[in-house]
Structures are given as structure tokens and as C-alpha cells.
Amino acid sequence: MKTNEACGVQLSRLGLGCMRLPQTAEGAIDEHELQHMVDYAIAHGINYFDTAWPYHGGRSEIAIGKALAKYPRDTWYLADKYPGHQILSSYNPAETFEEQLQKCGVDYFDFYLLHNVCEESFGVYTDPKWDILNYFKEQKRAGRIRHLGFSSHARPDGLEKFLDYAGDSMEFCQIQLNYLDWTLQDAKAKYDLLTGRNIPVWVMEPLRGGKLASLPEEDEERLLQLRPGESAAAWGFRWLQNLPNVKVVLSGMSDFEQMVDNVHTFTGGDPQTEGEAALLAEIAEKMKDSLPCTRCRYCCDGCPMQLDIPMLIHAYNDLKFAKSMTVPMQMDALPEDKKPSACIGCGACAAICPQKIDIPAVMEEFAGRLANMTSWAEMCRQREEAAKKLKESRS
């Protein structure tokens, strides 16, 4: 297993993300299959395991804690996260942290993250009423957290804003990064920002929730001609291996076959060439089917609502590709008069757009798509209810 030095320790470059664990037909975590996967992972050099409060309705922490318990505590690293990104009536970092330690069956976390610091959650993480950052800095001083960091789906400016607030207390950052989001979500700017601040990068969604593991037949054939026998997933992982500041790549492996294939990719094989990376960039451009906005910002000058039209089009392209909650979270954080629904359809933007984009029509469709999605607040409410039921069942 290839490794990297980060935060003063040697970490496997491949980590097991525990958001998509194997499940039984009834929807419960398949603990037998998970144990089989963890045994294989540790036997082949994986030493980093990542869970979080809301994963699998609160059951992920329990399951991975059980699976790791058979091995000496100093042979693996466990990461957990504080759910300040969820919309709750109140936040109690001490109560949550103590329960997480209990659920995972550990006395300390090797790595602990503020979960999804983004435009929507920035206010929670910086509110002195909750004092979240200071609480976890104190837990680090007490040795109950060895390394403190954060994950983020924020845009580059939101990421920079939090880094300015947190100072030097953040040792690492976990972002969504893959060869598609390098441009689709402006992940390159995030990677460059973190690298410039000497903050090591952990990667989540390296295969975009599996979308990069299964490509159109003609594209997979082109990849196979260059690397016979290597999966599309392996191509995505090798692309990340060429970024020197990427220290850990998390894969949400759902079955043993995925584990074996991923371990093989991170154990051997030749580095990806510039030509191979260019091929992936070409494939990514075809996948996006996005509006050709060049961010010239001509459209912004005459907008009576002063909308950030390039940013909204960029978010629209992202939502159009996949129905994730990242974009709705970002849009929820905007004032009402800056959301796509605020467009009055005057057409001043379209008249000046060099790419001839029908911007009013795009804003109308974008607003409609957002209105038809389950809100982030409602999803948080449902998760909070599930967590309460789990807590009641264990008491």
C-alpha cells in the first residue's frame, strides 16, 4: 500500500470512507461483510478509516468501531466529524463528542473534522454562542483529538473565508476532488488555495458517487486500450495520485470486490502520464454537457438585480450533472434577492452574452429545479429524527 506522511504520521493513501458501507437486503449495515472488508484492508496496509455522525442514520460509527476493535488501537487511525453543517435547533459539541467516542468505542479520535464547513454552515461554526471551534481545540490540547481539521463543499471564496477565521488551528482539509470537479466545481482553485497555505488535502468523492466508475462504453474502451485490465475507477484514482498535496483518498467502498480493486490500484501500477490525464479531461468535458459560460462577467454589469450570474450558471451546471445537496446548500446561503428566483427576466444579460446563453431561461429552470428538491433543512430534520430514534433504541 502506498503511503504519505501528513500531520506527522504515515497514512495509507487509500482510506475507507464509511458513508456507503455494505448493506443487507433490509437496509441494515452488513456487519459480517464489513468485517471481511476491514480485515482485508488492514492486511493490505489501509490504516485510515473515516466516519461521521449522520452516516447510515447514525449507525456507521458503531459499525466501524466494532470492526476495528479486534486490532490494536495503535495500528489504525479513526476519523470522525462534528455535524455543525446540519440545521438543528441547538448545537452541543460536548454532548455529541462524548457520544461519538462511546459509539466508536474509543478514548480519542486520531483525526477529527468540522463537518462540511460551507456557506450555509459558516454561521454555526463561527457563532460564539456554540463556541464549537474552541471546544474542539481544547479536546485536542487534552489529547482526545490528535489532529483537527475540517471538510468542505464551499466555493473557493467560502473556503478562504473559513481559513482566515480558523487561523492555524486547521491541520488538514477534506474536499470533493476528482477529474470532473477539477473544473465543474472549481476544485482546482480549492486545491491550489490549500496547497498555498501548506494544508494537506484529503479527498472525498474521488469517483463522484460512482459516476466516474462507470463511463460510456466508447470511453471505457479508449481507457482499456491504454491500460488493459484497469478499471475506470482505477483511472480516477491514478489521476489523484499525481497531485502531490493529496495525502489521503477516501473511497466509500460498498462491497469486497471494490475493496480488492482499489487496494490493487493503490499498491502498484505506473503513474498516470500527461497524455492519459488529458484524455480524462476530454472525457470530463463530454460528461458535463454544461453551458459554455467563460465568466467574462459582461452579464453582471447591466443586471438590475445585481446577480452573480456566472456563479449561478456554474452552480446550475453542477446541479444539472447530478442531484447532490451541495448546490442547494450553497443557494440556501444566499439572500433571497441574489438567488436564481430573483431574476426578473429583463434579458439585459442575454443581449450582451458573448456565448449567446439565454440566461433568463436558465435562471427560471434553475429556480424550478431547486424548488422541486427536498430542502437541506428538511433533510437535516429527518436525520435528526433518525438519530433520536437510534439513541432511544440504545438506551
# chains A, B, ... in the order shown; residues from 1 in each chain; ligands from 1

$ residues_around --residues "Leu34 in chain A" --least-positions-apart "5" --cutoff "12 Å" --atoms "only C-alpha atoms" --output "MDAnalysis selection string"
chainID A and resid 16:18 20:24 28:29 39:41 60 62:68 252:256 259

$ write_last_selection --atoms "N, CA and C atoms" --output "PDB file, in the first residue's frame"
ATOM      1  N   LEU A  16     -10.705   4.093   3.941  1.00  0.00           N
ATOM      2  CA  LEU A  16     -12.063   3.573   3.816  1.00  0.00           C
ATOM      3  C   LEU A  16     -13.054   4.611   4.332  1.00  0.00           C
ATOM      4  N   GLY A  17     -13.869   5.148   3.426  1.00  0.00           N
ATOM      5  CA  GLY A  17     -14.936   6.052   3.812  1.00  0.00           C
ATOM      6  C   GLY A  17     -16.166   5.254   4.199  1.00  0.00           C
ATOM      7  N   CYS A  18     -16.768   5.609   5.329  1.00  0.00           N
ATOM      8  CA  CYS A  18     -17.842   4.776   5.894  1.00  0.00           C
ATOM      9  C   CYS A  18     -19.230   5.361   5.699  1.00  0.00           C
ATOM     10  N   ARG A  20     -20.911   4.703   2.745  1.00  0.00           N
ATOM     11  CA  ARG A  20     -21.622   3.767   1.866  1.00  0.00           C
ATOM     12  C   ARG A  20     -21.195   2.332   2.192  1.00  0.00           C
ATOM     13  N   LEU A  21     -21.385   1.933   3.428  1.00  0.00           N
ATOM     14  CA  LEU A  21     -20.987   0.595   3.854  1.00  0.00           C
ATOM     15  C   LEU A  21     -21.898  -0.463   3.255  1.00  0.00           C
ATOM     16  N   PRO A  22     -21.438  -1.719   3.186  1.00  0.00           N
ATOM     17  CA  PRO A  22     -22.301  -2.787   2.649  1.00  0.00           C
ATOM     18  C   PRO A  22     -23.564  -2.923   3.474  1.00  0.00           C
ATOM     19  N   GLN A  23     -24.670  -3.233   2.805  1.00  0.00           N
ATOM     20  CA  GLN A  23     -25.951  -3.323   3.481  1.00  0.00           C
ATOM     21  C   GLN A  23     -26.642  -4.660   3.196  1.00  0.00           C
ATOM     22  N   THR A  24     -27.481  -5.073   4.127  1.00  0.00           N
ATOM     23  CA  THR A  24     -28.306  -6.257   3.946  1.00  0.00           C
ATOM     24  C   THR A  24     -29.504  -5.888   3.078  1.00  0.00           C
ATOM     25  N   ALA A  28     -29.980  -2.653   6.621  1.00  0.00           N
ATOM     26  CA  ALA A  28     -29.065  -2.501   7.755  1.00  0.00           C
ATOM     27  C   ALA A  28     -27.626  -2.671   7.268  1.00  0.00           C
ATOM     28  N   ILE A  29     -26.671  -2.170   8.031  1.00  0.00           N
ATOM     29  CA  ILE A  29     -25.267  -2.386   7.695  1.00  0.00           C
ATOM     30  C   ILE A  29     -24.952  -3.868   7.819  1.00  0.00           C
ATOM     31  N   ASP A  39     -10.864  -6.449   7.568  1.00  0.00           N
ATOM     32  CA  ASP A  39      -9.757  -7.403   7.721  1.00  0.00           C
ATOM     33  C   ASP A  39      -8.827  -7.347   6.506  1.00  0.00           C
ATOM     34  N   TYR A  40      -9.432  -7.314   5.316  1.00  0.00           N
ATOM     35  CA  TYR A  40      -8.637  -7.258   4.087  1.00  0.00           C
ATOM     36  C   TYR A  40      -7.887  -5.929   4.006  1.00  0.00           C
ATOM     37  N   ALA A  41      -8.573  -4.846   4.366  1.00  0.00           N
ATOM     38  CA  ALA A  41      -7.963  -3.525   4.302  1.00  0.00           C
ATOM     39  C   ALA A  41      -6.723  -3.457   5.185  1.00  0.00           C
ATOM     40  N   SER A  60     -23.128   4.158  11.346  1.00  0.00           N
ATOM     41  CA  SER A  60     -21.805   3.935  10.779  1.00  0.00           C
ATOM     42  C   SER A  60     -20.728   3.943  11.859  1.00  0.00           C
ATOM     43  N   ILE A  62     -20.900   3.167  14.982  1.00  0.00           N
ATOM     44  CA  ILE A  62     -20.970   1.938  15.787  1.00  0.00           C
ATOM     45  C   ILE A  62     -20.346   0.774  15.028  1.00  0.00           C
ATOM     46  N   ALA A  63     -20.722   0.652  13.748  1.00  0.00           N
ATOM     47  CA  ALA A  63     -20.279  -0.497  12.948  1.00  0.00           C
ATOM     48  C   ALA A  63     -18.771  -0.492  12.722  1.00  0.00           C
ATOM     49  N   ILE A  64     -18.201   0.661  12.366  1.00  0.00           N
ATOM     50  CA  ILE A  64     -16.765   0.679  12.096  1.00  0.00           C
ATOM     51  C   ILE A  64     -15.989   0.531  13.406  1.00  0.00           C
ATOM     52  N   GLY A  65     -16.524   1.045  14.503  1.00  0.00           N
ATOM     53  CA  GLY A  65     -15.866   0.864  15.798  1.00  0.00           C
ATOM     54  C   GLY A  65     -15.763  -0.602  16.165  1.00  0.00           C
ATOM     55  N   LYS A  66     -16.828  -1.350  15.938  1.00  0.00           N
ATOM     56  CA  LYS A  66     -16.828  -2.791  16.216  1.00  0.00           C
ATOM     57  C   LYS A  66     -15.822  -3.512  15.327  1.00  0.00           C
ATOM     58  N   ALA A  67     -15.802  -3.161  14.058  1.00  0.00           N
ATOM     59  CA  ALA A  67     -14.935  -3.858  13.104  1.00  0.00           C
ATOM     60  C   ALA A  67     -13.455  -3.628  13.401  1.00  0.00           C
ATOM     61  N   LEU A  68     -13.120  -2.444  13.910  1.00  0.00           N
ATOM     62  CA  LEU A  68     -11.723  -2.130  14.195  1.00  0.00           C
ATOM     63  C   LEU A  68     -11.268  -2.624  15.558  1.00  0.00           C
ATOM     64  N   GLY A 252     -15.703   5.315  -0.632  1.00  0.00           N
ATOM     65  CA  GLY A 252     -16.840   4.704   0.059  1.00  0.00           C
ATOM     66  C   GLY A 252     -17.150   3.344  -0.529  1.00  0.00           C
ATOM     67  N   MET A 253     -16.360   2.372  -0.188  1.00  0.00           N
ATOM     68  CA  MET A 253     -16.495   1.027  -0.764  1.00  0.00           C
ATOM     69  C   MET A 253     -17.673   0.280  -0.154  1.00  0.00           C
ATOM     70  N   SER A 254     -18.519  -0.230  -1.023  1.00  0.00           N
ATOM     71  CA  SER A 254     -19.751  -0.879  -0.574  1.00  0.00           C
ATOM     72  C   SER A 254     -19.713  -2.395  -0.640  1.00  0.00           C
ATOM     73  N   ASP A 255     -18.661  -2.956  -1.216  1.00  0.00           N
ATOM     74  CA  ASP A 255     -18.561  -4.415  -1.257  1.00  0.00           C
ATOM     75  C   ASP A 255     -17.092  -4.834  -1.362  1.00  0.00           C
ATOM     76  N   PHE A 256     -16.863  -6.092  -1.181  1.00  0.00           N
ATOM     77  CA  PHE A 256     -15.497  -6.614  -1.122  1.00  0.00           C
ATOM     78  C   PHE A 256     -14.777  -6.469  -2.454  1.00  0.00           C
ATOM     79  N   MET A 259     -13.231  -3.161  -2.739  1.00  0.00           N
ATOM     80  CA  MET A 259     -12.064  -3.090  -1.865  1.00  0.00           C
ATOM     81  C   MET A 259     -10.827  -3.689  -2.548  1.00  0.00           C
TER      82      MET A 259
END

$ residues_around --residues "Pro271 in chain A" --least-positions-apart "5" --cutoff "9 Å" --atoms "only C-alpha atoms" --output "list in words"
Arg238, Trp239, Gln241 and Asn242 of chain A

$ atom_distance --atom1 "CA of Gln102 in chain A" --atom2 "CA of Ala6 in chain A"
26.9 Å

$ select_by_dssp --residues "range 221-252 of chain A" --states "helix (DSSP H, G or I)" --output "PDB file with N, CA and C atoms, in the first residue's frame"
ATOM      1  N   GLU A 221     -13.602   1.940 -23.503  1.00  0.00           N
ATOM      2  CA  GLU A 221     -12.787   1.222 -24.481  1.00  0.00           C
ATOM      3  C   GLU A 221     -11.480   1.964 -24.745  1.00  0.00           C
ATOM      4  N   ARG A 222     -11.540   3.276 -24.802  1.00  0.00           N
ATOM      5  CA  ARG A 222     -10.320   4.064 -25.017  1.00  0.00           C
ATOM      6  C   ARG A 222      -9.361   3.906 -23.833  1.00  0.00           C
ATOM      7  N   LEU A 223      -9.917   3.851 -22.632  1.00  0.00           N
ATOM      8  CA  LEU A 223      -9.072   3.669 -21.454  1.00  0.00           C
ATOM      9  C   LEU A 223      -8.449   2.285 -21.437  1.00  0.00           C
ATOM     10  N   LEU A 224      -9.227   1.282 -21.807  1.00  0.00           N
ATOM     11  CA  LEU A 224      -8.726  -0.094 -21.798  1.00  0.00           C
ATOM     12  C   LEU A 224      -7.618  -0.303 -22.830  1.00  0.00           C
ATOM     13  N   GLN A 225      -7.688   0.413 -23.930  1.00  0.00           N
ATOM     14  CA  GLN A 225      -6.638   0.284 -24.942  1.00  0.00           C
ATOM     15  C   GLN A 225      -5.291   0.771 -24.400  1.00  0.00           C
ATOM     16  N   LEU A 226      -5.335   1.768 -23.521  1.00  0.00           N
ATOM     17  CA  LEU A 226      -4.099   2.314 -22.950  1.00  0.00           C
ATOM     18  C   LEU A 226      -3.625   1.519 -21.741  1.00  0.00           C
ATOM     19  N   ALA A 232     -12.249   1.780 -14.845  1.00  0.00           N
ATOM     20  CA  ALA A 232     -12.454   3.225 -14.917  1.00  0.00           C
ATOM     21  C   ALA A 232     -12.214   3.863 -13.554  1.00  0.00           C
ATOM     22  N   ALA A 233     -12.572   3.147 -12.490  1.00  0.00           N
ATOM     23  CA  ALA A 233     -12.334   3.652 -11.136  1.00  0.00           C
ATOM     24  C   ALA A 233     -10.836   3.844 -10.895  1.00  0.00           C
ATOM     25  N   ALA A 234     -10.048   2.885 -11.330  1.00  0.00           N
ATOM     26  CA  ALA A 234      -8.600   2.983 -11.146  1.00  0.00           C
ATOM     27  C   ALA A 234      -8.037   4.205 -11.869  1.00  0.00           C
ATOM     28  N   TRP A 235      -8.578   4.513 -13.026  1.00  0.00           N
ATOM     29  CA  TRP A 235      -8.140   5.714 -13.745  1.00  0.00           C
ATOM     30  C   TRP A 235      -8.386   6.966 -12.906  1.00  0.00           C
ATOM     31  N   GLY A 236      -9.550   7.037 -12.282  1.00  0.00           N
ATOM     32  CA  GLY A 236      -9.855   8.184 -11.440  1.00  0.00           C
ATOM     33  C   GLY A 236      -8.910   8.310 -10.262  1.00  0.00           C
ATOM     34  N   PHE A 237      -8.593   7.179  -9.645  1.00  0.00           N
ATOM     35  CA  PHE A 237      -7.673   7.188  -8.503  1.00  0.00           C
ATOM     36  C   PHE A 237      -6.258   7.570  -8.929  1.00  0.00           C
ATOM     37  N   ARG A 238      -5.814   7.050 -10.087  1.00  0.00           N
ATOM     38  CA  ARG A 238      -4.453   7.365 -10.535  1.00  0.00           C
ATOM     39  C   ARG A 238      -4.325   8.850 -10.884  1.00  0.00           C
ATOM     40  N   TRP A 239      -5.396   9.460 -11.360  1.00  0.00           N
ATOM     41  CA  TRP A 239      -5.365  10.895 -11.634  1.00  0.00           C
ATOM     42  C   TRP A 239      -5.072  11.667 -10.342  1.00  0.00           C
ATOM     43  N   LEU A 240      -5.695  11.256  -9.246  1.00  0.00           N
ATOM     44  CA  LEU A 240      -5.481  11.913  -7.961  1.00  0.00           C
ATOM     45  C   LEU A 240      -4.072  11.671  -7.424  1.00  0.00           C
ATOM     46  N   GLN A 241      -3.511  10.521  -7.718  1.00  0.00           N
ATOM     47  CA  GLN A 241      -2.176  10.192  -7.221  1.00  0.00           C
ATOM     48  C   GLN A 241      -1.100  11.112  -7.788  1.00  0.00           C
TER      49      GLN A 241
END

$ closest_atom_pairs --of "range 251-340 of chain A" --to "range 174-191 of chain A" --cutoff "7 Å" --atoms "only C-alpha atoms" --output "tab-separated table"
residue	atom	partner	partner_atom	distance
A:Leu280	CA	A:Tyr179	CA	6.9
A:Ala281	CA	A:Tyr179	CA	6.6
A:Ala284	CA	A:Leu180	CA	5.1
A:Asp318	CA	A:Leu184	CA	6.3

$ closest_residue --among "A:Cys296, A:Leu319, A:Val38, A:Met170" --to "Arg369 in chain A" --atoms "only C-alpha atoms"
A:Leu319

$ atom_distance --atom1 "CA of His264 in chain A" --atom2 "CA of Met1 in chain A"
8.4 Å

$ residues_around --residues "range 324-335 of chain A" --least-positions-apart "6" --cutoff "9 Å" --atoms "only C-alpha atoms" --output "ChimeraX atom specification"
/A:118-121,153-155,312,315-316,318,370,373-376

$ write_last_selection --atoms "C-alpha atoms" --output "mmCIF file, in the first residue's frame"
data_model
loop_
_atom_site.group_PDB
_atom_site.id
_atom_site.type_symbol
_atom_site.label_atom_id
_atom_site.label_comp_id
_atom_site.auth_asym_id
_atom_site.auth_seq_id
_atom_site.Cartn_x
_atom_site.Cartn_y
_atom_site.Cartn_z
ATOM 1 C CA CYS A 118 -19.733 25.785 3.782
ATOM 2 C CA GLU A 119 -21.695 28.947 3.048
ATOM 3 C CA GLU A 120 -24.723 27.531 4.856
ATOM 4 C CA SER A 121 -22.876 26.339 7.970
ATOM 5 C CA HIS A 153 -18.111 21.704 -0.033
ATOM 6 C CA ALA A 154 -17.808 25.507 -0.049
ATOM 7 C CA ARG A 155 -16.867 27.534 -3.074
ATOM 8 C CA LEU A 312 -25.257 30.916 -10.646
ATOM 9 C CA ALA A 315 -23.924 26.109 -9.866
ATOM 10 C CA TYR A 316 -26.635 25.297 -12.424
ATOM 11 C CA ASP A 318 -23.216 21.321 -11.304
ATOM 12 C CA LEU A 370 -34.301 23.949 -6.647
ATOM 13 C CA MET A 373 -35.800 19.309 -4.434
ATOM 14 C CA THR A 374 -36.082 18.322 -0.796
ATOM 15 C CA SER A 375 -34.645 21.220 1.140
ATOM 16 C CA TRP A 376 -31.444 20.845 3.122
#

$ closest_residue --among "A:Val362, A:Ala277, A:Ala69, A:Ala350" --to "Asn317 in chain A" --atoms "only C-alpha atoms"
A:Val362

$ atom_distance --atom1 "CA of Val203 in chain A" --atom2 "CA of Leu250 in chain A"
5.8 Å

$ closest_residue --among "A:Ala367, A:Cys104, A:Ala43, A:Ala94" --to "Arg59 in chain A" --atoms "only C-alpha atoms"
A:Cys104

$ closest_residue --among "A:Lys356, A:His32, A:Lys247, A:Lys339" --to "Pro292 in chain A" --atoms "only C-alpha atoms"
A:Lys356

$ residues_around --residues "Gly15 in chain A" --least-positions-apart "6" --cutoff "6 Å" --atoms "only C-alpha atoms" --output "PDB file with C-alpha atoms, in the first residue's frame"
ATOM      1  CA  TYR A  48      -7.248   5.282   7.744  1.00  0.00           C
ATOM      2  CA  PHE A  49     -10.988   4.943   8.407  1.00  0.00           C
ATOM      3  CA  VAL A 249      -8.084   9.458  -0.882  1.00  0.00           C
ATOM      4  CA  LEU A 250     -11.300   8.218   0.711  1.00  0.00           C
TER       5      LEU A 250
END

$ closest_residue --among "A:Leu163, A:Leu212, A:Leu194, A:Val117" --to "Ile132 in chain A" --atoms "only C-alpha atoms"
A:Val117

$ residues_around --residues "Leu148 in chain A" --least-positions-apart "4" --cutoff "8 Å" --atoms "only C-alpha atoms" --output "ChimeraX atom specification"
/A:111-113,136-137,140,169-172

$ write_last_selection --atoms "C-alpha atoms" --output "mmCIF file, in the first residue's frame"
data_model
loop_
_atom_site.group_PDB
_atom_site.id
_atom_site.type_symbol
_atom_site.label_atom_id
_atom_site.label_comp_id
_atom_site.auth_asym_id
_atom_site.auth_seq_id
_atom_site.Cartn_x
_atom_site.Cartn_y
_atom_site.Cartn_z
ATOM 1 C CA PHE A 111 -8.435 12.812 13.247
ATOM 2 C CA TYR A 112 -11.486 14.943 13.879
ATOM 3 C CA LEU A 113 -13.203 17.245 11.424
ATOM 4 C CA PHE A 136 -12.516 21.058 19.821
ATOM 5 C CA LYS A 137 -9.224 22.916 20.139
ATOM 6 C CA LYS A 140 -7.002 18.459 21.041
ATOM 7 C CA SER A 169 -5.815 25.563 14.016
ATOM 8 C CA MET A 170 -6.793 23.509 10.968
ATOM 9 C CA GLU A 171 -4.195 20.826 10.207
ATOM 10 C CA PHE A 172 -5.859 19.312 7.130
#
